[in-house]
Amino acid sequence: MTVPSIDEALVAGLIADQFPQWARLPVVAASPQGWDNRTFRLGDALGVRLPSAPGYAHQVAQEHRWLPLLASRLPVPVPRPLGLGRPGRGYPFAWSVNAWLDGEVLSRSDAVDRVVVARELAQFLVALRGVAADDGPPAGPRTFYRGADLAVYADQARAAIAVLGAAGHDPVALRAVLDRALVSRWEGGPVWFHGDVAPDNLLVAGGHLAGVLDFGCSGVGDPACDLVIAWTALDAASRRVFRDAVGLDDATWDRARGWAVWKAAITLADPTSGRDRVREQRRALREILADSPQMRSLTAS
């Protein structure tokens, strides 16, 4: 399937065709852009979100179904769907218009107090886990296995770790973190998870968490995947606050480290990864190893 260039001209045309009431509003590409979707600001109060490839197209309907329910139960703003667009102008997928959330992404907010954000993010995740999960979308292929068993990515992670070992990283320590994660299982019932709690999906404003974006991978299952932010964006002090406030056991943190190692390893082993993603994941590996029981055991021995 051919996807045309997703740019301001395409978005303006789709809006003019399908939502003429907003046709006079300016369209401006957001920065930074996501991987699964492309996002554009529409006037001052609206945003347009378009899947970038067939594998992400189902996320539009999922967000339109579940975000209104989740929004009413969460302490931090999340996108509010206002319009569901149809394929058009050569663009083959459904797409969405949402209320725009103001703020700066955490990845570009060096001055923010990470302890404050860590506490507020933990409160958000606790509230998310508390939403009734009976009818929620189950973890699996449509969540890219977020919330499911990390074992589905075990071979991929081990292959990437081998590449990193050849590049001078510590494969023994990384495999130890992964192996410890793989023997752990979520013992509770399925709970809501976000699935992509990343620095570019967290908005901050006025020193506080101001919004959480991108629920395309959300579902119900194991919440361990939502803890990866502890190493991609937090330091030791804010990570302690986050861990205390999020209220999950040691085994869940073991699985979270495994998810973090998998993500970092496949990103760093991929020569096409962009500079910002490489920088983020190199930092994550350093933080994971400094924080892991496996590394402390290896160092002690």
# chains A, B, ... in the order shown; residues from 1 in each chain; ligands from 1
>>> closest_atom_pairs(of="region 89-178 of chain A", to="region 58-67 of chain A", cutoff="12 Å", atoms="only C-alpha atoms", output="tab-separated table")
residue	atom	partner	partner_atom	distance
A:Phe93	CA	A:His58	CA	8.8
A:Ala94	CA	A:Val60	CA	6.7
A:Trp95	CA	A:Val60	CA	6.1
A:Ser96	CA	A:Val60	CA	6.6
A:Val97	CA	A:His64	CA	9.9
A:Asn98	CA	A:His64	CA	9.5
A:Ala99	CA	A:Leu67	CA	11.7
A:Leu128	CA	A:Leu67	CA	11.4
A:Val131	CA	A:Trp66	CA	11.2
A:Ala132	CA	A:Trp66	CA	11.8
A:Ala133	CA	A:Trp66	CA	11.1
A:Asp135	CA	A:Trp66	CA	10.2
A:Gly136	CA	A:Trp66	CA	8.2
A:Pro137	CA	A:Gln62	CA	8.3
A:Pro138	CA	A:Gln62	CA	11.6
A:Pro141	CA	A:His58	CA	11.2
A:Arg142	CA	A:His58	CA	7.8
A:Thr143	CA	A:Gln59	CA	8.9
A:Phe144	CA	A:Gln59	CA	11.1
>>> closest_atom_pairs(of="region 58-132 of chain A", to="region 9-26 of chain A", cutoff="9 Å", atoms="only C-alpha atoms", output="JSON lines")
{"residue": "A:Gly83", "atom": "CA", "partner": "A:Phe19", "partner_atom": "CA", "distance": 8.3}
{"residue": "A:Gly85", "atom": "CA", "partner": "A:Gln18", "partner_atom": "CA", "distance": 7.0}
{"residue": "A:Arg86", "atom": "CA", "partner": "A:Gln18", "partner_atom": "CA", "distance": 7.9}
{"residue": "A:Pro87", "atom": "CA", "partner": "A:Leu14", "partner_atom": "CA", "distance": 8.5}
{"residue": "A:Gly88", "atom": "CA", "partner": "A:Leu14", "partner_atom": "CA", "distance": 6.6}
{"residue": "A:Arg89", "atom": "CA", "partner": "A:Leu14", "partner_atom": "CA", "distance": 7.0}
{"residue": "A:Tyr91", "atom": "CA", "partner": "A:Leu10", "partner_atom": "CA", "distance": 8.3}
>>> select_by_dssp(residues="region 68-187 of chain A", states="alpha helix (DSSP H)", output="PyMOL selection string")
chain A and resi 68-71+114-129+154-166+171-182
>>> write_last_selection(atoms="N, CA and C atoms", output="tab-separated table (two decimals), in the first residue's frame")
chain	number	residue	atom	x	y	z
A	68	PRO	N	-12.49	8.90	25.35
A	68	PRO	CA	-13.51	9.59	26.16
A	68	PRO	C	-13.76	8.93	27.51
A	69	LEU	N	-13.74	7.60	27.55
A	69	LEU	CA	-13.92	6.90	28.82
A	69	LEU	C	-12.74	7.15	29.74
A	70	LEU	N	-11.52	7.00	29.23
A	70	LEU	CA	-10.34	7.15	30.07
A	70	LEU	C	-10.20	8.59	30.57
A	71	ALA	N	-10.49	9.55	29.70
A	71	ALA	CA	-10.30	10.96	30.07
A	71	ALA	C	-11.08	11.34	31.31
A	114	ARG	N	12.17	17.02	37.63
A	114	ARG	CA	11.81	15.64	37.30
A	114	ARG	C	11.13	14.93	38.47
A	115	VAL	N	11.42	15.33	39.68
A	115	VAL	CA	10.77	14.71	40.84
A	115	VAL	C	9.28	15.02	40.82
A	116	VAL	N	8.92	16.26	40.53
A	116	VAL	CA	7.51	16.64	40.46
A	116	VAL	C	6.81	15.85	39.35
A	117	VAL	N	7.42	15.82	38.18
A	117	VAL	CA	6.82	15.12	37.04
A	117	VAL	C	6.72	13.62	37.33
A	118	ALA	N	7.75	13.05	37.97
A	118	ALA	CA	7.74	11.62	38.29
A	118	ALA	C	6.57	11.29	39.20
A	119	ARG	N	6.34	12.12	40.21
A	119	ARG	CA	5.24	11.86	41.15
A	119	ARG	C	3.89	11.98	40.43
A	120	GLU	N	3.74	12.99	39.62
A	120	GLU	CA	2.46	13.19	38.92
A	120	GLU	C	2.22	12.12	37.86
A	121	LEU	N	3.28	11.67	37.20
A	121	LEU	CA	3.12	10.59	36.23
A	121	LEU	C	2.73	9.29	36.93
A	122	ALA	N	3.35	9.03	38.08
A	122	ALA	CA	2.97	7.83	38.84
A	122	ALA	C	1.50	7.89	39.23
A	123	GLN	N	1.03	9.05	39.67
A	123	GLN	CA	-0.38	9.18	40.03
A	123	GLN	C	-1.28	8.94	38.82
A	124	PHE	N	-0.85	9.41	37.66
A	124	PHE	CA	-1.60	9.15	36.43
A	124	PHE	C	-1.68	7.65	36.14
A	125	LEU	N	-0.55	6.95	36.25
A	125	LEU	CA	-0.55	5.52	35.94
A	125	LEU	C	-1.35	4.71	36.96
A	126	VAL	N	-1.31	5.12	38.23
A	126	VAL	CA	-2.14	4.46	39.24
A	126	VAL	C	-3.61	4.63	38.89
A	127	ALA	N	-4.00	5.84	38.50
A	127	ALA	CA	-5.40	6.09	38.12
A	127	ALA	C	-5.77	5.28	36.87
A	128	LEU	N	-4.87	5.20	35.91
A	128	LEU	CA	-5.13	4.42	34.70
A	128	LEU	C	-5.35	2.95	35.04
A	129	ARG	N	-4.51	2.41	35.92
A	129	ARG	CA	-4.68	1.01	36.33
A	129	ARG	C	-6.00	0.80	37.05
A	154	ALA	N	12.02	-11.80	22.77
A	154	ALA	CA	13.27	-12.28	23.37
A	154	ALA	C	14.36	-12.51	22.33
A	155	ASP	N	14.03	-13.20	21.24
A	155	ASP	CA	15.05	-13.48	20.23
A	155	ASP	C	15.55	-12.19	19.58
A	156	GLN	N	14.63	-11.28	19.32
A	156	GLN	CA	15.03	-10.00	18.73
A	156	GLN	C	15.96	-9.25	19.69
A	157	ALA	N	15.62	-9.27	20.97
A	157	ALA	CA	16.45	-8.57	21.96
A	157	ALA	C	17.84	-9.19	22.04
A	158	ARG	N	17.90	-10.51	22.07
A	158	ARG	CA	19.21	-11.18	22.17
A	158	ARG	C	20.07	-10.90	20.94
A	159	ALA	N	19.46	-10.89	19.77
A	159	ALA	CA	20.22	-10.58	18.56
A	159	ALA	C	20.76	-9.15	18.60
A	160	ALA	N	19.94	-8.21	19.06
A	160	ALA	CA	20.38	-6.82	19.15
A	160	ALA	C	21.48	-6.66	20.20
A	161	ILE	N	21.36	-7.38	21.31
A	161	ILE	CA	22.40	-7.33	22.35
A	161	ILE	C	23.73	-7.84	21.80
A	162	ALA	N	23.67	-8.87	20.98
A	162	ALA	CA	24.91	-9.38	20.37
A	162	ALA	C	25.56	-8.31	19.50
A	163	VAL	N	24.77	-7.56	18.75
A	163	VAL	CA	25.31	-6.47	17.94
A	163	VAL	C	25.93	-5.40	18.83
A	164	LEU	N	25.27	-5.07	19.92
A	164	LEU	CA	25.81	-4.07	20.84
A	164	LEU	C	27.10	-4.55	21.49
A	165	GLY	N	27.17	-5.86	21.78
A	165	GLY	CA	28.39	-6.40	22.36
A	165	GLY	C	29.57	-6.21	21.43
A	166	ALA	N	29.33	-6.41	20.14
A	166	ALA	CA	30.40	-6.20	19.17
A	166	ALA	C	30.80	-4.74	19.07
A	171	PRO	N	27.47	-7.13	26.91
A	171	PRO	CA	26.39	-8.07	26.61
A	171	PRO	C	26.02	-8.97	27.79
A	172	VAL	N	26.98	-9.26	28.65
A	172	VAL	CA	26.69	-10.12	29.80
A	172	VAL	C	25.68	-9.45	30.73
A	173	ALA	N	25.92	-8.19	31.04
A	173	ALA	CA	25.01	-7.46	31.92
A	173	ALA	C	23.64	-7.27	31.28
A	174	LEU	N	23.61	-6.98	29.99
A	174	LEU	CA	22.33	-6.77	29.31
A	174	LEU	C	21.53	-8.06	29.23
A	175	ARG	N	22.19	-9.18	28.94
A	175	ARG	CA	21.48	-10.46	28.91
A	175	ARG	C	20.98	-10.84	30.30
A	176	ALA	N	21.73	-10.49	31.34
A	176	ALA	CA	21.29	-10.80	32.70
A	176	ALA	C	20.00	-10.06	33.04
A	177	VAL	N	19.92	-8.79	32.63
A	177	VAL	CA	18.69	-8.02	32.86
A	177	VAL	C	17.53	-8.64	32.09
A	178	LEU	N	17.77	-8.98	30.83
A	178	LEU	CA	16.72	-9.57	30.01
A	178	LEU	C	16.26	-10.92	30.57
A	179	ASP	N	17.20	-11.77	30.95
A	179	ASP	CA	16.84	-13.10	31.45
A	179	ASP	C	16.02	-13.01	32.73
A	180	ARG	N	16.38	-12.08	33.60
A	180	ARG	CA	15.61	-11.92	34.83
A	180	ARG	C	14.18	-11.47	34.52
A	181	ALA	N	14.03	-10.62	33.52
A	181	ALA	CA	12.69	-10.17	33.12
A	181	ALA	C	11.86	-11.32	32.58
A	182	LEU	N	12.49	-12.20	31.83
A	182	LEU	CA	11.75	-13.25	31.13
A	182	LEU	C	11.22	-14.34	32.05
>>> select_by_dssp(residues="region 47-185 of chain A", states="strand (DSSP E)", output="PyMOL selection string")
chain A and resi 47-51+81-85+95-99+104-105
>>> write_last_selection(atoms="N, CA, C and O atoms", output="compact mmCIF listing (two decimals), in the first residue's frame")
# COMPACT_ATOMS: atom_id res chain seq x y z
N GLY A 47 -5.95 19.60 16.89
CA GLY A 47 -4.83 18.85 16.34
C GLY A 47 -5.34 17.77 15.41
O GLY A 47 -6.42 17.23 15.60
N VAL A 48 -4.55 17.44 14.40
CA VAL A 48 -4.91 16.39 13.43
C VAL A 48 -3.84 15.31 13.52
O VAL A 48 -2.64 15.60 13.54
N ARG A 49 -4.29 14.07 13.55
CA ARG A 49 -3.39 12.94 13.77
C ARG A 49 -3.66 11.89 12.68
O ARG A 49 -4.80 11.44 12.51
N LEU A 50 -2.60 11.50 11.95
CA LEU A 50 -2.75 10.60 10.83
C LEU A 50 -1.77 9.44 10.94
O LEU A 50 -0.55 9.67 11.08
N PRO A 51 -2.24 8.18 10.91
CA PRO A 51 -1.32 7.04 10.94
C PRO A 51 -0.33 7.10 9.78
O PRO A 51 -0.69 7.49 8.65
N PRO A 81 -11.13 13.24 21.31
CA PRO A 81 -11.51 13.16 19.90
C PRO A 81 -12.70 14.05 19.59
O PRO A 81 -13.70 14.07 20.30
N LEU A 82 -12.59 14.79 18.47
CA LEU A 82 -13.65 15.69 18.03
C LEU A 82 -14.16 15.35 16.64
O LEU A 82 -15.24 15.81 16.26
N GLY A 83 -13.39 14.60 15.88
CA GLY A 83 -13.80 14.26 14.53
C GLY A 83 -13.05 13.04 14.03
O GLY A 83 -11.87 12.87 14.33
N LEU A 84 -13.75 12.20 13.28
CA LEU A 84 -13.14 11.00 12.70
C LEU A 84 -13.14 11.16 11.19
O LEU A 84 -14.20 11.19 10.55
N GLY A 85 -11.93 11.28 10.62
CA GLY A 85 -11.81 11.49 9.18
C GLY A 85 -11.78 10.19 8.40
O GLY A 85 -11.41 9.14 8.92
N TRP A 95 -8.43 8.90 10.05
CA TRP A 95 -7.57 9.82 10.78
C TRP A 95 -8.45 10.61 11.75
O TRP A 95 -9.66 10.44 11.76
N SER A 96 -7.85 11.41 12.60
CA SER A 96 -8.64 12.01 13.67
C SER A 96 -8.33 13.49 13.86
O SER A 96 -7.22 13.96 13.56
N VAL A 97 -9.34 14.19 14.36
CA VAL A 97 -9.18 15.56 14.83
C VAL A 97 -9.45 15.54 16.34
O VAL A 97 -10.47 15.01 16.78
N ASN A 98 -8.53 16.10 17.10
CA ASN A 98 -8.62 16.10 18.56
C ASN A 98 -8.47 17.51 19.10
O ASN A 98 -7.93 18.39 18.43
N ALA A 99 -8.92 17.70 20.32
CA ALA A 99 -8.62 18.94 21.02
C ALA A 99 -7.11 19.02 21.26
O ALA A 99 -6.48 18.03 21.64
N GLU A 104 4.87 21.56 26.56
CA GLU A 104 6.12 21.22 25.89
C GLU A 104 6.43 19.77 26.19
O GLU A 104 6.25 19.31 27.32
N VAL A 105 6.89 19.03 25.18
CA VAL A 105 7.20 17.62 25.44
C VAL A 105 8.36 17.52 26.42
O VAL A 105 9.28 18.35 26.42
>>> atom_distance(atom1="CA of Ser273 (chain A)", atom2="CA of Gly55 (chain A)")
19.0 Å
>>> atom_distance(atom1="CA of Ala151 (chain A)", atom2="CA of Gly130 (chain A)")
26.0 Å
>>> closest_residue(among="A:Ile288, A:Gly247, A:Lys263, A:Asn201", to="Ala230 (chain A)", atoms="only C-alpha atoms")
A:Ile288
>>> closest_residue(among="A:Gly140, A:Gly211, A:Gly43, A:Gly188", to="Arg80 (chain A)", atoms="only C-alpha atoms")
A:Gly211
